[in-house]
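Student: Take this structure, written in structure tokens, and hold onto it; I'll ask about it next.
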Amino acid sequence: MIDTKIFNNTKRAFILKSDSDLRRSIFIFRLMSIPFLVPLLTFFTNLSLKLRLPVEWIIRKTIFAQFCGGESQEECLPLVKLMYAKKVHSVLDYSVEGKETEEDFDKAANNKIRIIEFASEAKEIPFAVAKPTGLGRFKIWQKVSCNEELSDKEKQEWERIKARFERVCQAAYNHNTKLLIDAEESWMQDAADRLCEEMMKKFNREKVIIYNTLQCYRWDRLTYTKDLYEKAKQEGFKLGFKIVRGAYMEKENKRAKRKGYPTPICENKEATDVNFNAVMTYCLDNLDYICMFIGTHNEVSSYMALQLLGQKGVSLNDDRIWFGQLYGMSDHISYNIGAENSNAIKLLPFGPIRDVVPYLIRRAEENSSVQGEAGRELALLLEEKQRRDGQYVKRVE
């Protein structure tokens, strides 16, 4: 039986943080707890970089250190090994965004393959990750999703996108490294879903290599999962799913309203939680065909999954179930789950500081906009600081 207070152990959660690391994290999450400050700091950060002002060292010492592992794979490796020593694995994610040329997309595919090769040589890194729009233009994904007619030039472009996608999946298969395919906006996702399904049929015959992402704030994801499960049983392939709540809620609702179609998003946070837990439970009920990566910062869902595994008599370190959180967040989940011998893992972004600023800004915006997110992190950090301060007083006495 898993202790209901499993996530309360801040000593275990922040074991890798020095006192100075702890103070830095408290400072950052205090800033994020003040909503009006985040857009202000974002504006000045972007302006400073545009004007080529020497601010990269400030970014490196603060938000980059909080949410990124380094500027290169090699720079991340010491941290990867430190986390692994505490039973937390890593997924390396080259978090450079906003590229638009064919040359950029070819480079991105080659870079993903290099990361897969790098991961295959490190037992601490069982997964790699790929973003569909990192391999081709969003507009093409959207047109294919909407079944719009492509010009001859666009058809050639789509064929190149599919070829890149398959090259990355083939590399994952060849190197026995699990590959998480990110989900994006709903109006481009159908094409990504179909391509993921093709790759699962090809590469997930004997074991699960390819994982598609289910954003469970979409109310249709449970039906989608059930339908694909039936198809997998009939056609003899296995499914891999990374399940998350979702990242584009505001954008999705605004677009649906503007274009006059029903929103694909659940009506509120509570409905999203119910849908996430339903999808998660369905996957756990069908581990004969489904492997899953439970990507959540929610303690209730994490505890629920642990309880279900116990009830089913499934080992907590069964390779079919992984629990993942973003680096710099929810350490109280990652390290406490790892200590219970469950498969805990951190998504570890990396890349040149200037290039990953869009990712860092998104992390700051999400923490400030999601109700209670920054406040929860701050409360846990302050609790650990108080625990350490109390210990130091006792030592002096």
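By order in the structure tokens, chains are A, B, ...; within a chain, residues start at 1; ligands start at 1, following the order shown.
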Fewer than 3 positions away in the same chain doesn't count, so skip those; otherwise give me all residues within 10 Å of stretch 224-233 of chain A, counting only C-alpha atoms, as a PyMOL selection string.
Tutor: chain A and resi 193+197+200-201+204-205+214+219-221+236-239+241+279+282-283+286+288-290
Student: Find the residues near A:Thr45: any atom within 10 Å, counting only C-alpha atoms, skip ones fewer than 3 places away on the same chain, and give them as an MDAnalysis selection string.
Tutor: chainID A and resid 39:42 48:51 53 55:56 59 357 361
Student: Could you save those same residues with C-alpha atoms as a CSV table (one decimal), in the first residue's frame?
Tutor:
chain,number,residue,atom,x,y,z
A,39,PRO,CA,4.5,39.6,-19.2
A,40,LEU,CA,6.6,42.6,-18.0
A,41,LEU,CA,9.8,40.5,-17.6
A,42,THR,CA,9.0,38.7,-20.9
A,48,SER,CA,17.2,43.0,-24.4
A,49,LEU,CA,17.9,40.0,-26.7
A,50,LYS,CA,16.8,41.9,-29.8
A,51,LEU,CA,19.1,44.8,-28.9
A,53,LEU,CA,22.3,43.5,-24.6
A,55,VAL,CA,21.7,39.5,-20.5
A,56,GLU,CA,22.4,35.9,-21.3
A,59,ILE,CA,19.1,34.2,-17.8
A,357,VAL,CA,14.2,31.7,-24.5
A,361,ILE,CA,9.0,32.2,-21.5
Student: If we count only C-alpha atoms, what is near A:Ile345 at a cut-off of 7 Å, once residues fewer than 3 positions away on the same chain are taken out, given as a PyMOL selection string?
Tutor: chain A and resi 88-90+323-325+334
Student: If you keep N, CA and C atoms, can you produce a file of those selected residues as a PDB file, in the first residue's frame?
Tutor:
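What landed in selection-v6.pdb:
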ATOM      1  N   VAL A  88      15.797   8.755 -10.720  1.00  0.00           N
ATOM      2  CA  VAL A  88      15.005   9.552 -11.652  1.00  0.00           C
ATOM      3  C   VAL A  88      15.732   9.574 -12.995  1.00  0.00           C
ATOM      4  N   HIS A  89      15.069   9.061 -14.040  1.00  0.00           N
ATOM      5  CA  HIS A  89      15.636   9.028 -15.384  1.00  0.00           C
ATOM      6  C   HIS A  89      15.458  10.392 -16.067  1.00  0.00           C
ATOM      7  N   SER A  90      15.943  10.487 -17.301  1.00  0.00           N
ATOM      8  CA  SER A  90      15.850  11.745 -18.058  1.00  0.00           C
ATOM      9  C   SER A  90      15.392  11.506 -19.488  1.00  0.00           C
ATOM     10  N   PHE A 323       6.297   7.632 -15.108  1.00  0.00           N
ATOM     11  CA  PHE A 323       5.745   8.864 -14.552  1.00  0.00           C
ATOM     12  C   PHE A 323       6.700  10.007 -14.876  1.00  0.00           C
ATOM     13  N   GLY A 324       6.228  11.018 -15.609  1.00  0.00           N
ATOM     14  CA  GLY A 324       7.124  12.075 -16.034  1.00  0.00           C
ATOM     15  C   GLY A 324       6.678  13.472 -15.641  1.00  0.00           C
ATOM     16  N   GLN A 325       7.654  14.301 -15.279  1.00  0.00           N
ATOM     17  CA  GLN A 325       7.423  15.719 -14.995  1.00  0.00           C
ATOM     18  C   GLN A 325       8.514  16.547 -15.673  1.00  0.00           C
ATOM     19  N   SER A 334       8.370  13.588  -8.655  1.00  0.00           N
ATOM     20  CA  SER A 334       9.410  12.799  -9.333  1.00  0.00           C
ATOM     21  C   SER A 334      10.288  12.018  -8.365  1.00  0.00           C
TER      22      SER A 334
END
Student: Need to verify the contact set: A:Ala192, 9 Å, only C-alpha atoms, exclusion of same-chain residues closer than 2 positions in sequence. Can you return it as a PyMOL selection string?
Tutor: chain A and resi 132+141+145+181+183-184+188-190+194-197+212
Student: Next, dump the selected residues to file, keeping only N, CA and C atoms, as a compact mmCIF listing (two decimals), in the first residue's frame.
Tutor:
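As written to disk, out20.txt reads:
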# COMPACT_ATOMS: atom_id res chain seq x y z
N PRO A 132 6.16 17.21 -34.02
CA PRO A 132 5.82 17.14 -35.45
C PRO A 132 6.15 18.41 -36.23
N TRP A 141 0.81 20.56 -42.07
CA TRP A 141 0.13 19.66 -41.12
C TRP A 141 -1.35 20.02 -41.03
N SER A 145 -4.52 17.71 -42.14
CA SER A 145 -5.51 17.38 -41.10
C SER A 145 -6.93 17.71 -41.53
N ILE A 181 6.20 11.33 -29.24
CA ILE A 181 5.81 12.31 -30.25
C ILE A 181 4.87 13.32 -29.59
N ALA A 183 2.10 16.22 -28.90
CA ALA A 183 0.84 16.67 -29.49
C ALA A 183 0.85 18.19 -29.57
N GLU A 184 0.11 18.74 -30.54
CA GLU A 184 0.07 20.18 -30.71
C GLU A 184 -1.39 20.63 -30.87
N MET A 188 -4.11 20.75 -36.33
CA MET A 188 -3.06 20.05 -37.09
C MET A 188 -2.87 18.61 -36.60
N GLN A 189 -3.58 18.23 -35.54
CA GLN A 189 -3.29 16.99 -34.83
C GLN A 189 -3.74 15.73 -35.56
N ASP A 190 -4.81 15.82 -36.36
CA ASP A 190 -5.29 14.61 -37.05
C ASP A 190 -4.21 14.02 -37.94
N ARG A 194 -2.52 10.31 -37.44
CA ARG A 194 -2.51 9.29 -38.49
C ARG A 194 -1.08 8.80 -38.77
N LEU A 195 -0.15 9.73 -38.77
CA LEU A 195 1.24 9.36 -39.02
C LEU A 195 1.81 8.55 -37.86
N CYS A 196 1.45 8.93 -36.63
CA CYS A 196 1.87 8.15 -35.46
C CYS A 196 1.33 6.73 -35.53
N GLU A 197 0.08 6.62 -35.95
CA GLU A 197 -0.53 5.29 -36.07
C GLU A 197 0.23 4.44 -37.09
N ASN A 212 2.48 8.13 -29.02
CA ASN A 212 1.76 9.36 -29.38
C ASN A 212 1.32 10.05 -28.09
Student: Per DSSP on the backbone, what are the strand (DSSP E) residues of stretch 157-282 of chain A, as a PyMOL selection string?
Tutor: chain A and resi 178-181+210-215+239-244
Student: Can you list every residue in stretch 176-338 of chain A that DSSP puts in helix (DSSP H, G or I), as a ChimeraX atom specification?
Tutor: /A:186-203,221-235,249-259,269-285,299-312,331-338
Student: Within 12 Å of stretch 373-395 of chain A, which residues of stretch 296-367 of chain A show up? Give each one with its shortest atom-to-atom distance in Å (one decimal) and the two atoms involved, counting only C-alpha atoms, rows by chain then rising residue number, as a tab-separated table.
Tutor:
residue	atom	partner	partner_atom	distance
A:His297	CA	A:Glu373	CA	9.0
A:Asn298	CA	A:Glu373	CA	9.8
A:Glu299	CA	A:Arg376	CA	11.2
A:Gly328	CA	A:Glu377	CA	9.6
A:Met329	CA	A:Glu377	CA	7.2
A:Ser330	CA	A:Glu377	CA	7.0
A:Asp331	CA	A:Glu377	CA	8.9
A:His332	CA	A:Leu380	CA	8.0
A:Ile333	CA	A:Glu377	CA	11.2
A:Arg363	CA	A:Ala374	CA	10.6
A:Ala364	CA	A:Ala374	CA	9.0
A:Glu365	CA	A:Ala374	CA	10.1
A:Glu366	CA	A:Glu373	CA	8.3
A:Asn367	CA	A:Ala374	CA	5.2
Student: Okay, now the selection with N, CA and C atoms, as a PDB file, in the first residue's frame?
Tutor:
ATOM      1  N   HIS A 297       1.692  16.833 -13.423  1.00  0.00           N
ATOM      2  CA  HIS A 297       2.170  17.491 -12.206  1.00  0.00           C
ATOM      3  C   HIS A 297       1.100  17.436 -11.121  1.00  0.00           C
ATOM      4  N   ASN A 298       0.117  16.579 -11.334  1.00  0.00           N
ATOM      5  CA  ASN A 298      -1.017  16.485 -10.428  1.00  0.00           C
ATOM      6  C   ASN A 298      -0.822  15.326  -9.454  1.00  0.00           C
ATOM      7  N   GLU A 299      -0.810  15.648  -8.149  1.00  0.00           N
ATOM      8  CA  GLU A 299      -0.564  14.613  -7.141  1.00  0.00           C
ATOM      9  C   GLU A 299      -1.677  13.571  -7.112  1.00  0.00           C
ATOM     10  N   GLY A 328      12.632  21.088 -13.166  1.00  0.00           N
ATOM     11  CA  GLY A 328      12.407  22.370 -12.507  1.00  0.00           C
ATOM     12  C   GLY A 328      11.046  22.502 -11.879  1.00  0.00           C
ATOM     13  N   MET A 329      10.201  21.479 -12.037  1.00  0.00           N
ATOM     14  CA  MET A 329       8.854  21.501 -11.473  1.00  0.00           C
ATOM     15  C   MET A 329       8.514  20.143 -10.866  1.00  0.00           C
ATOM     16  N   SER A 330       7.665  20.163  -9.868  1.00  0.00           N
ATOM     17  CA  SER A 330       7.086  18.942  -9.275  1.00  0.00           C
ATOM     18  C   SER A 330       8.134  17.914  -8.848  1.00  0.00           C
ATOM     19  N   ASP A 331       9.220  18.396  -8.264  1.00  0.00           N
ATOM     20  CA  ASP A 331      10.223  17.471  -7.737  1.00  0.00           C
ATOM     21  C   ASP A 331       9.641  16.596  -6.630  1.00  0.00           C
ATOM     22  N   HIS A 332       8.623  17.100  -5.943  1.00  0.00           N
ATOM     23  CA  HIS A 332       8.015  16.310  -4.866  1.00  0.00           C
ATOM     24  C   HIS A 332       7.313  15.068  -5.412  1.00  0.00           C
ATOM     25  N   ILE A 333       6.922  15.106  -6.696  1.00  0.00           N
ATOM     26  CA  ILE A 333       6.359  13.910  -7.329  1.00  0.00           C
ATOM     27  C   ILE A 333       7.483  13.023  -7.854  1.00  0.00           C
ATOM     28  N   ARG A 363       7.274  28.435 -20.163  1.00  0.00           N
ATOM     29  CA  ARG A 363       7.259  27.836 -18.815  1.00  0.00           C
ATOM     30  C   ARG A 363       6.812  28.869 -17.782  1.00  0.00           C
ATOM     31  N   ALA A 364       7.347  30.085 -17.880  1.00  0.00           N
ATOM     32  CA  ALA A 364       6.997  31.140 -16.925  1.00  0.00           C
ATOM     33  C   ALA A 364       5.522  31.503 -17.049  1.00  0.00           C
ATOM     34  N   GLU A 365       5.034  31.626 -18.277  1.00  0.00           N
ATOM     35  CA  GLU A 365       3.630  32.002 -18.496  1.00  0.00           C
ATOM     36  C   GLU A 365       2.684  30.924 -17.985  1.00  0.00           C
ATOM     37  N   GLU A 366       3.024  29.657 -18.235  1.00  0.00           N
ATOM     38  CA  GLU A 366       2.159  28.568 -17.787  1.00  0.00           C
ATOM     39  C   GLU A 366       2.121  28.487 -16.264  1.00  0.00           C
ATOM     40  N   ASN A 367       3.273  28.685 -15.632  1.00  0.00           N
ATOM     41  CA  ASN A 367       3.303  28.637 -14.166  1.00  0.00           C
ATOM     42  C   ASN A 367       2.508  29.771 -13.544  1.00  0.00           C
TER      43      ASN A 367
END
Student: Which distance in Å separates atom CA of A:Lys61 and atom CA of A:Ser18, to one decimal?
Tutor: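 These atoms are spaced 14.1 Å apart.
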Student: Which of these residues is nearest to A:Ala85, using only C-alpha atoms: A:Glu71, A:Asp285, A:Glu124, A:Glu159?
Tutor: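 Closest candidate: A:Glu124.
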Student: Taking only C-alpha atoms into account, name the residue in A:Gly246, A:Gly338, A:Gly313, A:Pro262 that is nearest to A:Gly295.
Tutor: A:Gly246
